[in-house]
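Here the structure is laid out as structure tokens; the discussion comes afterwards.
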Amino acid sequence: MKSKTEPTEKSNLHPRNPHRFRYDFDKLIVVLPELEQYVVTDANRSEKTIDFSHSEAVKTLNKALLVAEYAIDYWDIPSQYLCPPIPGRADYIHYLADLLAESNEGTIPTGEQIVGLDIGIGANCIYPILGNCSYDWSFVGVDIDENAIQNCKKIIAQNPKLSEVISLQLQTEPRYIFKNIILPEDRFSFTICNPPFHSSATSAAKANSRKVSQLKSSEKQLNFGGQNSELWYNGGEIGFITQMIYESVKYPLQCFWFTTLVSKKDNLKTIYRTLNKVGAVAIKTFEMSQGQKRSRFVAWTFLSEKQQNEWSFSNE
């Protein structure tokens, strides 16, 4: 029988995900004392937790996790910007590493020569941080929001180990995804993206209200946050991903794997149909889950089998 003090493993998270055990709040408070003010005891389980509807509590938990697990000295986001759930974001990174390993004789390629393109880096810079700290990958982060880019610059500047491995680029034409970003000389091992989920600002606002209601909290300050560009896109998630697919066709030899999160399972059929229409050579789907939330990411490539075999992860 397990001891009550033994951490419970969340078997639904990736085996390499360091967040697959319940948060050790005592350890987290040691590395970031300011977290203590937000920690409470769950009356039902007699376990320490935080109020996940409280924006500052969630942001401070993120800071502590980044210090404890990734040796990040500084991380912060402005109010009303998306505060990412780190365990779920880490899962995407680790499953993406598995995908790259499939094309590298079963070995996860590591090192700064592995370059990822983060579409919609937001103000949090989270995917490049997790990808670099976990596998030493380099990243180009792109966003249409200049304030978000400026905040990422601040995070990078205050974490010297990130300064040489993360570069940032403002997309000056918001209707495009890869245009202006992928240049003839670029060669990316993968793209990564958390696309806008909603089709309008009204839809996003209603969804946030439902989340707070489900958390049974009177706290009006949303931990979910998010600017317009982070939350909604004309056409919603499927509209954004469809645009991404059609643009990816123009860069078939410059990226091994194009990937994107897909929150709505019902969108998969349309995505597969579009990918087959544009001639994707290989299409893969990785299922993920965190608690009751299920998600997945879809990956596609235009490289022939011969081109895939010839792609060198060690000399990019």
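Chain labels A, B, ... are given in the sequence in which chains occur in the structure tokens; within each chain residues are numbered consecutively from 1, and ligands are likewise numbered from 1 in the order shown.
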Next on the checklist: Set the distance at 10 Å and use only C-alpha atoms: which residues neighbour Glu146 (chain A) once local chain neighbours fewer than 2 positions away are removed? I'd like the list as JSON, numbers by chain.
Outcome noted: {"A": [122, 123, 142, 143, 144, 148, 149, 150, 151, 152, 169, 170, 171, 172]}
For the residues in the current selection, export C-alpha atoms as a PDB file, in the first residue's frame.
```pdb
ATOM      1  CA  GLY A 122       2.864  35.068 -26.724  1.00  0.00           C
ATOM      2  CA  ALA A 123       4.249  37.060 -23.832  1.00  0.00           C
ATOM      3  CA  VAL A 142       6.999  34.750 -33.684  1.00  0.00           C
ATOM      4  CA  ASP A 143       4.016  36.869 -32.705  1.00  0.00           C
ATOM      5  CA  ILE A 144       1.831  39.639 -34.129  1.00  0.00           C
ATOM      6  CA  ALA A 148       4.274  40.234 -26.240  1.00  0.00           C
ATOM      7  CA  ILE A 149       7.564  40.227 -28.129  1.00  0.00           C
ATOM      8  CA  GLN A 150       8.941  42.923 -25.833  1.00  0.00           C
ATOM      9  CA  ASN A 151       8.046  40.894 -22.750  1.00  0.00           C
ATOM     10  CA  CYS A 152       9.774  37.828 -24.205  1.00  0.00           C
ATOM     11  CA  GLN A 169      10.417  38.085 -34.787  1.00  0.00           C
ATOM     12  CA  LEU A 170       7.354  40.292 -35.154  1.00  0.00           C
ATOM     13  CA  GLN A 171       4.900  39.199 -37.830  1.00  0.00           C
ATOM     14  CA  THR A 172       3.972  42.510 -39.428  1.00  0.00           C
TER      15      THR A 172
END
```
Next on the checklist: Applying 10 Å and only C-alpha atoms, which residues near Thr301 (chain A) remain after dropping the ones on its own chain fewer than 6 positions away? List them as number ranges by chain.
Outcome noted: A: 190, 248-249, 252-253, 255-259, 275, 279-284, 308
Resulting file, chosen residues, N, CA and C atoms, as a PDB file, in the first residue's frame:
```pdb
ATOM      1  N   PHE A 190      11.269  21.688 -36.757  1.00  0.00           N
ATOM      2  CA  PHE A 190       9.838  21.599 -36.479  1.00  0.00           C
ATOM      3  C   PHE A 190       9.253  22.990 -36.278  1.00  0.00           C
ATOM      4  N   SER A 248       2.022  26.251 -45.336  1.00  0.00           N
ATOM      5  CA  SER A 248       3.150  25.333 -45.161  1.00  0.00           C
ATOM      6  C   SER A 248       3.570  24.690 -46.479  1.00  0.00           C
ATOM      7  N   VAL A 249       2.639  24.572 -47.417  1.00  0.00           N
ATOM      8  CA  VAL A 249       2.933  23.984 -48.721  1.00  0.00           C
ATOM      9  C   VAL A 249       4.059  24.737 -49.428  1.00  0.00           C
ATOM     10  N   PRO A 252       8.150  23.416 -48.383  1.00  0.00           N
ATOM     11  CA  PRO A 252       8.218  21.965 -48.170  1.00  0.00           C
ATOM     12  C   PRO A 252       9.576  21.434 -47.759  1.00  0.00           C
ATOM     13  N   LEU A 253      10.648  22.118 -48.157  1.00  0.00           N
ATOM     14  CA  LEU A 253      11.987  21.607 -47.876  1.00  0.00           C
ATOM     15  C   LEU A 253      12.679  22.333 -46.728  1.00  0.00           C
ATOM     16  N   CYS A 255      11.299  22.848 -43.590  1.00  0.00           N
ATOM     17  CA  CYS A 255      10.884  22.392 -42.259  1.00  0.00           C
ATOM     18  C   CYS A 255      10.587  20.899 -42.337  1.00  0.00           C
ATOM     19  N   PHE A 256      11.147  20.141 -41.407  1.00  0.00           N
ATOM     20  CA  PHE A 256      10.899  18.695 -41.395  1.00  0.00           C
ATOM     21  C   PHE A 256       9.454  18.430 -40.990  1.00  0.00           C
ATOM     22  N   TRP A 257       9.082  18.843 -39.784  1.00  0.00           N
ATOM     23  CA  TRP A 257       7.731  18.598 -39.282  1.00  0.00           C
ATOM     24  C   TRP A 257       7.032  19.914 -38.953  1.00  0.00           C
ATOM     25  N   PHE A 258       5.904  20.152 -39.584  1.00  0.00           N
ATOM     26  CA  PHE A 258       5.003  21.218 -39.163  1.00  0.00           C
ATOM     27  C   PHE A 258       4.063  20.605 -38.131  1.00  0.00           C
ATOM     28  N   THR A 259       3.854  21.280 -37.004  1.00  0.00           N
ATOM     29  CA  THR A 259       2.962  20.720 -35.982  1.00  0.00           C
ATOM     30  C   THR A 259       2.079  21.822 -35.399  1.00  0.00           C
ATOM     31  N   LEU A 275      -4.890  18.242 -45.314  1.00  0.00           N
ATOM     32  CA  LEU A 275      -3.501  17.801 -45.465  1.00  0.00           C
ATOM     33  C   LEU A 275      -3.349  16.842 -46.643  1.00  0.00           C
ATOM     34  N   GLY A 279      -1.200  17.409 -50.335  1.00  0.00           N
ATOM     35  CA  GLY A 279      -0.125  16.482 -50.652  1.00  0.00           C
ATOM     36  C   GLY A 279       0.883  16.222 -49.554  1.00  0.00           C
ATOM     37  N   ALA A 280       0.457  16.298 -48.305  1.00  0.00           N
ATOM     38  CA  ALA A 280       1.371  15.954 -47.206  1.00  0.00           C
ATOM     39  C   ALA A 280       1.817  14.504 -47.359  1.00  0.00           C
ATOM     40  N   VAL A 281       3.111  14.268 -47.206  1.00  0.00           N
ATOM     41  CA  VAL A 281       3.668  12.920 -47.392  1.00  0.00           C
ATOM     42  C   VAL A 281       3.367  12.035 -46.185  1.00  0.00           C
ATOM     43  N   ALA A 282       3.465  12.599 -45.000  1.00  0.00           N
ATOM     44  CA  ALA A 282       3.196  11.838 -43.768  1.00  0.00           C
ATOM     45  C   ALA A 282       2.421  12.726 -42.805  1.00  0.00           C
ATOM     46  N   ILE A 283       1.477  12.120 -42.102  1.00  0.00           N
ATOM     47  CA  ILE A 283       0.645  12.824 -41.116  1.00  0.00           C
ATOM     48  C   ILE A 283       0.620  11.980 -39.847  1.00  0.00           C
ATOM     49  N   LYS A 284       0.912  12.588 -38.719  1.00  0.00           N
ATOM     50  CA  LYS A 284       0.907  11.876 -37.441  1.00  0.00           C
ATOM     51  C   LYS A 284       0.115  12.670 -36.408  1.00  0.00           C
ATOM     52  N   GLN A 308      13.603  12.584 -45.997  1.00  0.00           N
ATOM     53  CA  GLN A 308      13.587  12.436 -44.544  1.00  0.00           C
ATOM     54  C   GLN A 308      14.846  11.712 -44.071  1.00  0.00           C
TER      55      GLN A 308
END
```
Item to check | Glu69 (chain A) environment, 10 Å, only C-alpha atoms, sequence neighbours closer than 6 positions dropped, as a ChimeraX atom specification | outcome: /A:18-19,28,130,133-134
Item to check | strand (DSSP E or B) residues, from DSSP on the backbone, in region 5-245 of chain A, as a VMD selection string | outcome: chain A and resid 9 21 39 to 42 47 to 50 115 to 119 138 to 143 166 to 170 188 to 193 198 232
Checklist entry - Do you know which residues are at most 10 Å from Pro128 (chain A) counting only C-alpha atoms, after dropping those on the same chain fewer than 6 positions away, and could you put them as a list in words? => result Ile93, Val115, Gly116, Leu117, Asp118, Ile121, Ser134, Asp136, Trp137, Ser138, Phe139, Val140, Gly141, Leu162, Val165, Ile166, Ser167 and Ile192 of chain A
Can you check which residues of region 66-306 of chain A DSSP gives as alpha helix (DSSP H) on the backbone and send them as a short mmCIF file (atom, residue, chain, number, x, y, z; two decimals) with C-alpha atoms, in the first residue's frame?
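Ended up saving to result.cif:
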```cif
data_model
loop_
_atom_site.label_atom_id
_atom_site.label_comp_id
_atom_site.auth_asym_id
_atom_site.auth_seq_id
_atom_site.Cartn_x
_atom_site.Cartn_y
_atom_site.Cartn_z
CA LEU A 66 10.36 27.30 -13.75
CA VAL A 67 12.87 27.97 -10.97
CA ALA A 68 12.67 24.46 -9.50
CA GLU A 69 12.62 22.35 -12.65
CA TYR A 70 14.26 24.53 -15.32
CA ILE A 86 3.26 24.32 -17.74
CA PRO A 87 2.61 20.55 -17.39
CA GLY A 88 0.54 20.50 -20.58
CA ARG A 89 3.02 22.65 -22.50
CA ALA A 90 5.84 20.36 -21.38
CA ASP A 91 3.93 17.33 -22.69
CA TYR A 92 3.85 18.86 -26.19
CA ILE A 93 7.63 19.34 -26.05
CA HIS A 94 8.32 15.77 -24.92
CA TYR A 95 6.02 14.16 -27.48
CA LEU A 96 7.59 16.37 -30.13
CA ALA A 97 10.99 15.02 -29.04
CA ASP A 98 9.63 11.50 -29.58
CA LEU A 99 8.52 12.50 -33.07
CA LEU A 100 12.00 13.77 -33.94
CA ALA A 101 13.51 10.56 -32.52
CA GLU A 102 11.44 8.51 -34.98
CA ILE A 126 7.09 29.07 -22.61
CA TYR A 127 7.73 26.61 -25.45
CA PRO A 128 11.26 27.90 -26.19
CA ILE A 129 12.07 27.86 -22.46
CA LEU A 130 10.89 24.27 -22.00
CA GLY A 131 12.41 23.06 -25.27
CA ASN A 132 15.80 24.58 -24.54
CA CYS A 133 15.93 23.53 -20.89
CA SER A 134 14.83 19.97 -21.72
CA TYR A 135 16.78 19.29 -24.92
CA GLU A 146 4.69 43.76 -30.25
CA ASN A 147 4.08 44.01 -26.50
CA ALA A 148 4.27 40.23 -26.24
CA ILE A 149 7.56 40.23 -28.13
CA GLN A 150 8.94 42.92 -25.83
CA ASN A 151 8.05 40.89 -22.75
CA CYS A 152 9.77 37.83 -24.21
CA LYS A 153 12.86 39.99 -24.79
CA LYS A 154 12.78 40.92 -21.10
CA ILE A 155 12.55 37.26 -20.03
CA ILE A 156 15.43 36.29 -22.33
CA ALA A 157 17.61 39.23 -21.23
CA ALA A 201 -13.92 37.90 -28.83
CA THR A 202 -17.47 37.23 -27.61
CA SER A 203 -16.94 33.47 -27.77
CA ALA A 204 -13.67 33.78 -25.83
CA ALA A 205 -15.29 35.91 -23.11
CA LYS A 206 -18.14 33.43 -22.64
CA ALA A 207 -15.71 30.52 -22.36
CA ASN A 208 -13.68 32.29 -19.69
CA SER A 209 -16.83 32.98 -17.70
CA ARG A 210 -17.74 29.29 -17.82
CA LYS A 211 -14.27 28.28 -16.61
CA VAL A 212 -14.49 30.52 -13.56
CA SER A 213 -17.99 29.22 -12.80
CA GLN A 214 -16.78 25.62 -13.01
CA ASN A 228 -7.30 38.86 -28.64
CA SER A 229 -4.53 37.37 -30.77
CA GLU A 230 -4.01 34.59 -28.23
CA LEU A 231 -7.65 33.64 -27.84
CA GLY A 236 -11.58 29.82 -34.96
CA GLU A 237 -9.10 27.02 -34.45
CA ILE A 238 -9.93 25.24 -37.71
CA GLY A 239 -9.63 28.50 -39.67
CA PHE A 240 -6.18 29.18 -38.25
CA ILE A 241 -4.90 25.65 -38.80
CA THR A 242 -6.29 25.54 -42.34
CA GLN A 243 -4.42 28.77 -43.13
CA MET A 244 -1.28 27.28 -41.60
CA ILE A 245 -1.56 24.14 -43.73
CA TYR A 246 -2.02 26.04 -46.99
CA GLU A 247 0.96 28.27 -46.19
CA SER A 248 3.15 25.33 -45.16
CA LEU A 268 -9.33 16.38 -36.99
CA LYS A 269 -11.37 15.06 -39.92
CA THR A 270 -11.23 18.41 -41.70
CA ILE A 271 -7.51 18.80 -40.92
CA TYR A 272 -6.67 15.36 -42.35
CA ARG A 273 -8.74 16.06 -45.46
CA THR A 274 -6.93 19.37 -46.03
CA LEU A 275 -3.50 17.80 -45.47
CA ASN A 276 -4.25 15.05 -47.97
CA LYS A 277 -5.52 17.64 -50.43
CA GLU A 305 11.03 9.22 -47.46
CA LYS A 306 14.40 9.70 -49.14
#
```
Item to check | For CA of Phe21 (chain A) and CA of Pro109 (chain A), the interatomic separation in Å (one decimal) | outcome: 26.0 Å
Item to check | CA of His14 (chain A) to CA of Lys48 (chain A), distance in Å rounded to a single decimal | outcome: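 Value for the CA of His14 (chain A)-CA of Lys48 (chain A) distance: 23.6 Å.
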Item to check | Exercise: Lys265 (chain A) partners within 10 Å, only C-alpha atoms, chain neighbours under 5 positions left out, as a PyMOL selection string | outcome: chain A and resi 294-296
Next on the checklist: Using only C-alpha atoms, which protein or nucleic acid residues come within 7 Å of Thr260 (chain A)? Drop anything in the same chain fewer than 5 positions from it, and give the result as an NGL selection string.
Outcome noted: :A and (192-194 or 297-299)
Next on the checklist: With only C-alpha atoms as the counted atoms, please give the residues lying no more than 9 Å from Asn62 (chain A), apart from itself and same-chain residues fewer than 5 positions off, as a ChimeraX atom specification.
Outcome noted: /A:57,67,75-76,83-86
Checklist outcome for this item: re CA of Val40 (chain A) and CA of Leu13 (chain A): distance 24.6 Å
